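Student: One structure follows; several queries about it will come next.
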Amino acid sequence: MADLSVEVAGIRFSNPILPAAGPPVRDGRAMVRCAEGGAGGLVSKTISTRAAEPPTPNIAEIPHGMVNTELWSELPPEQWLEHEYALARQTGLPLIVSLGYSPDEIAWLAPRVRPFADALELSTHYIGEDAGPMVAAIRAAKAAVDVPVFVKLSPLGREMVRAAEQAEAAGADGIVAINSFGPVLAIDPETRLPYLGGSDGYGWLSGPALKPLALRCVRDIARAVRVPIMGVGGVSHGIDAVEMLMAGASAVQVCTAAMLRGPGVFGKIAHELDAWLDEHGYATAAELRGLAMADQPAAWSAGKPVVSEAPCNGCDLCAVSCPYEAITVVDKLAVIDEQLCTRCGLCVTRCRRGAIEWVSAAP
Ligand SMILES: Cc1cc2nc3c(=O)[nH]c(=O)nc-3n(C[C@H](O)[C@H](O)[C@H](O)COP(=O)(O)O)c2cc1C
């Protein structure tokens, strides 16, 4: 069994799988369920100085993800301060309190939530393209509290790396990347209407479809700043957490998978991460951090796909998908014509049996 504990901005989490701000942490009771489900720490739903009034309907499942037009918490800040945070604290897990949005709102909220918070997470989701309000919000939080302040970045708009650098320069102790992506549109062909109400039906994308974008953002940011990063976006299984840590994250957050599969998903992802670490000979989760941040070796890029006879059962998947007609199946074995093969690599990821490997060129 590997050591899953991680330290992020001086806070120790028993495992690196945390809920992200959203419905799975919508109140104190929900956060208790996340703790019971195996989360290594807690992040609370974003609150602001007044309760949100989102349009309805505001959440829809689509293939490979979810779209939503939820806003921040529909509970007033007073209820959080009087009841919800105290419940979450009873779990004994570190609690990161998510706040939004303007510098004035942060200045009002930060000192009030401080008695409950091991750290703050500032959402930048609705504060526009200009980095000025984000920087001012960080300064307001840092002036008000003595706990670490994380900044959560949205994937479009301001250029991510520049925003992360500006956040670090303003005193942020960590970056959370990424928030949901949008605006996007999902249409119900039966009703001929968008699934979501409000904003002309446009919403925000989350879940597995978001993971490649999240990985790109996390790795770009990890290469640019020294503060730790929490990776968010499409983490559903242990292997997603592995990738997120390798991209440079110190911990990960999960929202959509917890909505679809319930709060037990945190423990399941942690368990799968543990099994992967054991199988691959790693003693700790922390060792994975940044392993995929290096540049690609030239010999790897100059490599080619090679078929291993034993696992290949001639299923034809690679041959059907090869855009260059470079693969044929002969006697239940895939054969690659090196004259036709352009080394695009699709067959390597298409094979379900690991029978086609990308082999580096001789250095
Ligand atoms: C229904 C819903 C509500 C969300 N509410 C918040 C929120 O209040 N604050 C916030 O920072 N992010 C919010 N998010 C974004 C998530 O925290 C997360 O960044 C995003 O969904 C990507 O992670 P995932 O693919 O694991 O869902 C919400 C996401 C969803 C799907």
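By convention here, the chains of the structure tokens are called A, B, ... in the order presented, each chain's residues are numbered starting at 1, and ligands are numbered starting at 1 in the order presented.
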Which neighbours of range 324-331 of chain A fall inside 10 Å, counting only C-alpha atoms, when residues of the same chain fewer than 3 positions from it are skipped, and could you give them as number ranges by chain?

Tutor: A: 312-321, 334-344, 347

Student: Please produce, as JSON lines, a per-residue contact table for range 129-179 of chain A versus range 231-250 of chain A (criterion: any atom at most 12 Å away, only C-alpha atoms considered), showing the nearest atom pair and its distance in Å to one decimal, sorted by chain then residue number.

Tutor:
{"residue": "A:Val151", "atom": "CA", "partner": "A:Gly231", "partner_atom": "CA", "distance": 11.9}
{"residue": "A:Lys152", "atom": "CA", "partner": "A:Val232", "partner_atom": "CA", "distance": 9.6}
{"residue": "A:Leu153", "atom": "CA", "partner": "A:Val232", "partner_atom": "CA", "distance": 10.1}
{"residue": "A:Ser154", "atom": "CA", "partner": "A:Val232", "partner_atom": "CA", "distance": 10.6}
{"residue": "A:Pro155", "atom": "CA", "partner": "A:Gly233", "partner_atom": "CA", "distance": 10.2}
{"residue": "A:Gly174", "atom": "CA", "partner": "A:Ser250", "partner_atom": "CA", "distance": 9.9}
{"residue": "A:Ile175", "atom": "CA", "partner": "A:Gly231", "partner_atom": "CA", "distance": 8.6}
{"residue": "A:Val176", "atom": "CA", "partner": "A:Gly231", "partner_atom": "CA", "distance": 6.1}
{"residue": "A:Ala177", "atom": "CA", "partner": "A:Gly231", "partner_atom": "CA", "distance": 5.3}
{"residue": "A:Ile178", "atom": "CA", "partner": "A:Val232", "partner_atom": "CA", "distance": 5.3}
{"residue": "A:Asn179", "atom": "CA", "partner": "A:Val232", "partner_atom": "CA", "distance": 7.2}

Student: With C-alpha atoms retained, write the just-selected residues as a short mmCIF file (atom, residue, chain, number, x, y, z; two decimals), in the first residue's frame.

Tutor:
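Okay, result-v7.cif is ready:
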data_model
loop_
_atom_site.label_atom_id
_atom_site.label_comp_id
_atom_site.auth_asym_id
_atom_site.auth_seq_id
_atom_site.Cartn_x
_atom_site.Cartn_y
_atom_site.Cartn_z
CA VAL A 151 -6.98 31.08 -6.75
CA LYS A 152 -9.19 29.05 -9.05
CA LEU A 153 -8.80 29.90 -12.73
CA SER A 154 -11.30 29.51 -15.56
CA PRO A 155 -9.95 27.97 -18.74
CA GLY A 174 -1.61 28.03 -4.79
CA ILE A 175 -3.54 27.73 -8.05
CA VAL A 176 -6.62 25.61 -8.70
CA ALA A 177 -7.09 24.80 -12.39
CA ILE A 178 -9.55 24.60 -14.01
CA ASN A 179 -13.15 25.73 -13.64
#

Student: Counting only C-alpha atoms and all ligand atoms, which protein, DNA or RNA residues come within 6 Å of ligand 1, given as an NGL selection string?

Tutor: :A and (20-23 or 45-46 or 59 or 68 or 70-72 or 123 or 178-180 or 206-207 or 232-235 or 254-256)

Student: Keeping only N, CA and C atoms, write the selected residues to a file as a compact mmCIF listing (two decimals), in the first residue's frame.

Tutor:
# COMPACT_ATOMS: atom_id res chain seq x y z
N ALA A 20 -14.45 19.17 -5.62
CA ALA A 20 -14.34 20.54 -6.14
C ALA A 20 -15.60 21.30 -5.74
N ALA A 21 -15.51 22.62 -5.70
CA ALA A 21 -16.69 23.43 -5.38
C ALA A 21 -17.81 23.09 -6.35
N GLY A 22 -18.98 22.76 -5.82
CA GLY A 22 -20.11 22.39 -6.66
C GLY A 22 -21.15 21.67 -5.83
N PRO A 23 -22.15 21.07 -6.48
CA PRO A 23 -23.24 20.41 -5.75
C PRO A 23 -22.78 19.35 -4.73
N LYS A 45 -18.69 24.64 -1.40
CA LYS A 45 -19.33 25.35 -2.52
C LYS A 45 -19.03 26.84 -2.41
N THR A 46 -18.78 27.47 -3.54
CA THR A 46 -18.50 28.92 -3.53
C THR A 46 -19.66 29.69 -2.92
N ILE A 59 -28.71 21.89 -14.86
CA ILE A 59 -27.68 20.85 -14.98
C ILE A 59 -28.20 19.78 -15.94
N ASN A 68 -23.74 22.92 -17.29
CA ASN A 68 -24.52 23.52 -16.19
C ASN A 68 -24.53 25.03 -16.30
N GLU A 70 -25.35 26.47 -13.21
CA GLU A 70 -25.41 26.77 -11.78
C GLU A 70 -24.56 28.00 -11.51
N LEU A 71 -24.84 28.69 -10.43
CA LEU A 71 -24.01 29.83 -10.06
C LEU A 71 -23.26 29.46 -8.79
N TRP A 72 -23.13 30.37 -7.88
CA TRP A 72 -22.53 30.07 -6.58
C TRP A 72 -23.62 29.53 -5.66
N SER A 123 -12.75 32.09 -6.35
CA SER A 123 -13.21 31.79 -7.71
C SER A 123 -13.10 33.05 -8.56
N ILE A 178 -8.85 23.47 -13.44
CA ILE A 178 -9.55 24.60 -14.01
C ILE A 178 -11.03 24.58 -13.60
N ASN A 179 -11.70 25.70 -13.78
CA ASN A 179 -13.15 25.73 -13.64
C ASN A 179 -13.77 25.17 -14.93
N SER A 180 -15.08 25.04 -14.97
CA SER A 180 -15.74 24.51 -16.16
C SER A 180 -15.51 25.44 -17.36
N SER A 206 -18.24 20.36 -18.09
CA SER A 206 -17.38 19.71 -17.08
C SER A 206 -17.34 18.22 -17.38
N GLY A 207 -16.52 17.49 -16.63
CA GLY A 207 -16.46 16.04 -16.79
C GLY A 207 -15.36 15.60 -17.74
N VAL A 232 -8.08 20.15 -11.58
CA VAL A 232 -9.51 19.85 -11.64
C VAL A 232 -9.96 19.79 -13.09
N GLY A 233 -10.83 18.83 -13.39
CA GLY A 233 -11.40 18.76 -14.73
C GLY A 233 -11.37 17.34 -15.25
N GLY A 234 -12.51 16.66 -15.14
CA GLY A 234 -12.63 15.34 -15.76
C GLY A 234 -12.01 14.20 -15.00
N VAL A 235 -11.61 14.42 -13.76
CA VAL A 235 -11.05 13.30 -12.98
C VAL A 235 -12.21 12.40 -12.53
N VAL A 254 -12.56 16.90 -7.66
CA VAL A 254 -13.52 16.14 -8.46
C VAL A 254 -14.93 16.68 -8.21
N CYS A 255 -15.64 17.02 -9.28
CA CYS A 255 -17.03 17.48 -9.13
C CYS A 255 -17.99 16.57 -9.90
N THR A 256 -17.87 16.54 -11.23
CA THR A 256 -18.85 15.83 -12.06
C THR A 256 -18.95 14.36 -11.69

Student: Name the residues of range 178-246 of chain A that come out as helix (DSSP H, G or I) in a backbone DSSP run; write them as a ChimeraX atom specification.

Tutor: /A:199-201,208-224,238-246

Student: Pull C-alpha atoms from the residues just selected and write them as a compact mmCIF listing (two decimals), in the first residue's frame.

Tutor:
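This is the output file out.txt:
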# COMPACT_ATOMS: atom_id res chain seq x y z
CA SER A 199 -28.33 32.74 -20.81
CA ASP A 200 -29.97 31.70 -24.10
CA GLY A 201 -29.35 28.07 -23.10
CA PRO A 208 -14.28 13.73 -18.91
CA ALA A 209 -14.53 15.94 -22.04
CA LEU A 210 -12.68 18.62 -20.06
CA LYS A 211 -9.70 16.53 -18.98
CA PRO A 212 -7.29 17.19 -21.88
CA LEU A 213 -7.86 20.94 -21.51
CA ALA A 214 -7.35 20.72 -17.75
CA LEU A 215 -4.15 18.70 -18.16
CA ARG A 216 -2.79 21.24 -20.62
CA CYS A 217 -3.57 24.13 -18.28
CA VAL A 218 -2.12 22.38 -15.23
CA ARG A 219 1.12 21.52 -17.00
CA ASP A 220 1.54 24.99 -18.53
CA ILE A 221 0.94 26.60 -15.14
CA ALA A 222 3.21 24.15 -13.31
CA ARG A 223 6.02 25.06 -15.68
CA ALA A 224 5.53 28.77 -14.97
CA GLY A 238 -7.51 6.68 -10.40
CA ILE A 239 -5.73 6.87 -13.73
CA ASP A 240 -7.03 10.43 -14.28
CA ALA A 241 -5.55 11.43 -10.93
CA VAL A 242 -2.24 9.83 -11.97
CA GLU A 243 -2.21 11.97 -15.13
CA MET A 244 -3.16 15.13 -13.25
CA LEU A 245 -0.35 14.62 -10.70
CA MET A 246 2.12 13.84 -13.48

Student: Report, in Å to a single decimal, how far apart CA of Ala60 in chain A and CA of Leu99 in chain A are.

Tutor: 24.6 Å

Student: So, counting only C-alpha atoms, which residue among A:Ser301, A:Thr124, A:Ser98, A:Thr284 is closest to Arg26 in chain A?

Tutor: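 Result for the nearest residue to Arg26 in chain A: A:Ser98.
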
Student: Tell me which protein, DNA and RNA residues are within 12 Å of range 185-191 of chain A, counting only C-alpha atoms, leaving out same-chain ones fewer than 2 positions away, and put them as an mmCIF file with C-alpha atoms, in the first residue's frame.

Tutor:
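out_12.cif was written with the following content:
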data_model
loop_
_atom_site.group_PDB
_atom_site.id
_atom_site.type_symbol
_atom_site.label_atom_id
_atom_site.label_comp_id
_atom_site.auth_asym_id
_atom_site.auth_seq_id
_atom_site.Cartn_x
_atom_site.Cartn_y
_atom_site.Cartn_z
ATOM 1 C CA ASN A 58 -29.456 24.245 -14.753
ATOM 2 C CA ILE A 59 -27.685 20.846 -14.979
ATOM 3 C CA ALA A 60 -27.727 18.250 -17.786
ATOM 4 C CA GLU A 61 -25.714 15.123 -18.426
ATOM 5 C CA ILE A 62 -24.373 14.857 -21.984
ATOM 6 C CA PRO A 63 -22.078 12.243 -23.542
ATOM 7 C CA GLY A 65 -19.623 15.182 -19.430
ATOM 8 C CA MET A 66 -22.109 17.613 -18.114
ATOM 9 C CA VAL A 67 -23.290 21.143 -18.862
ATOM 10 C CA ASN A 68 -24.516 23.523 -16.186
ATOM 11 C CA THR A 69 -25.649 27.047 -15.533
ATOM 12 C CA PHE A 181 -15.335 25.599 -19.824
ATOM 13 C CA GLY A 182 -17.710 27.708 -21.822
ATOM 14 C CA PRO A 183 -20.000 29.049 -22.932
ATOM 15 C CA LEU A 193 -34.593 23.481 -26.949
ATOM 16 C CA PRO A 194 -31.284 23.727 -25.112
ATOM 17 C CA TYR A 195 -31.203 21.510 -22.029
ATOM 18 C CA LEU A 196 -30.364 24.526 -19.864
ATOM 19 C CA GLY A 197 -32.459 27.543 -18.982
ATOM 20 C CA GLY A 198 -31.184 31.134 -18.829
ATOM 21 C CA SER A 199 -28.328 32.743 -20.810
ATOM 22 C CA ASP A 200 -29.974 31.696 -24.095
ATOM 23 C CA GLY A 201 -29.352 28.071 -23.103
ATOM 24 C CA TYR A 202 -25.573 28.428 -22.978
ATOM 25 C CA GLY A 203 -23.741 26.752 -20.115
ATOM 26 C CA TRP A 204 -20.434 25.413 -18.843
ATOM 27 C CA LEU A 205 -18.845 22.077 -19.691
#

Student: Please, what distance in Å, to one decimal, runs between CA of Met1 in chain A and CA of Ala35 in chain A?

Tutor: 20.6 Å
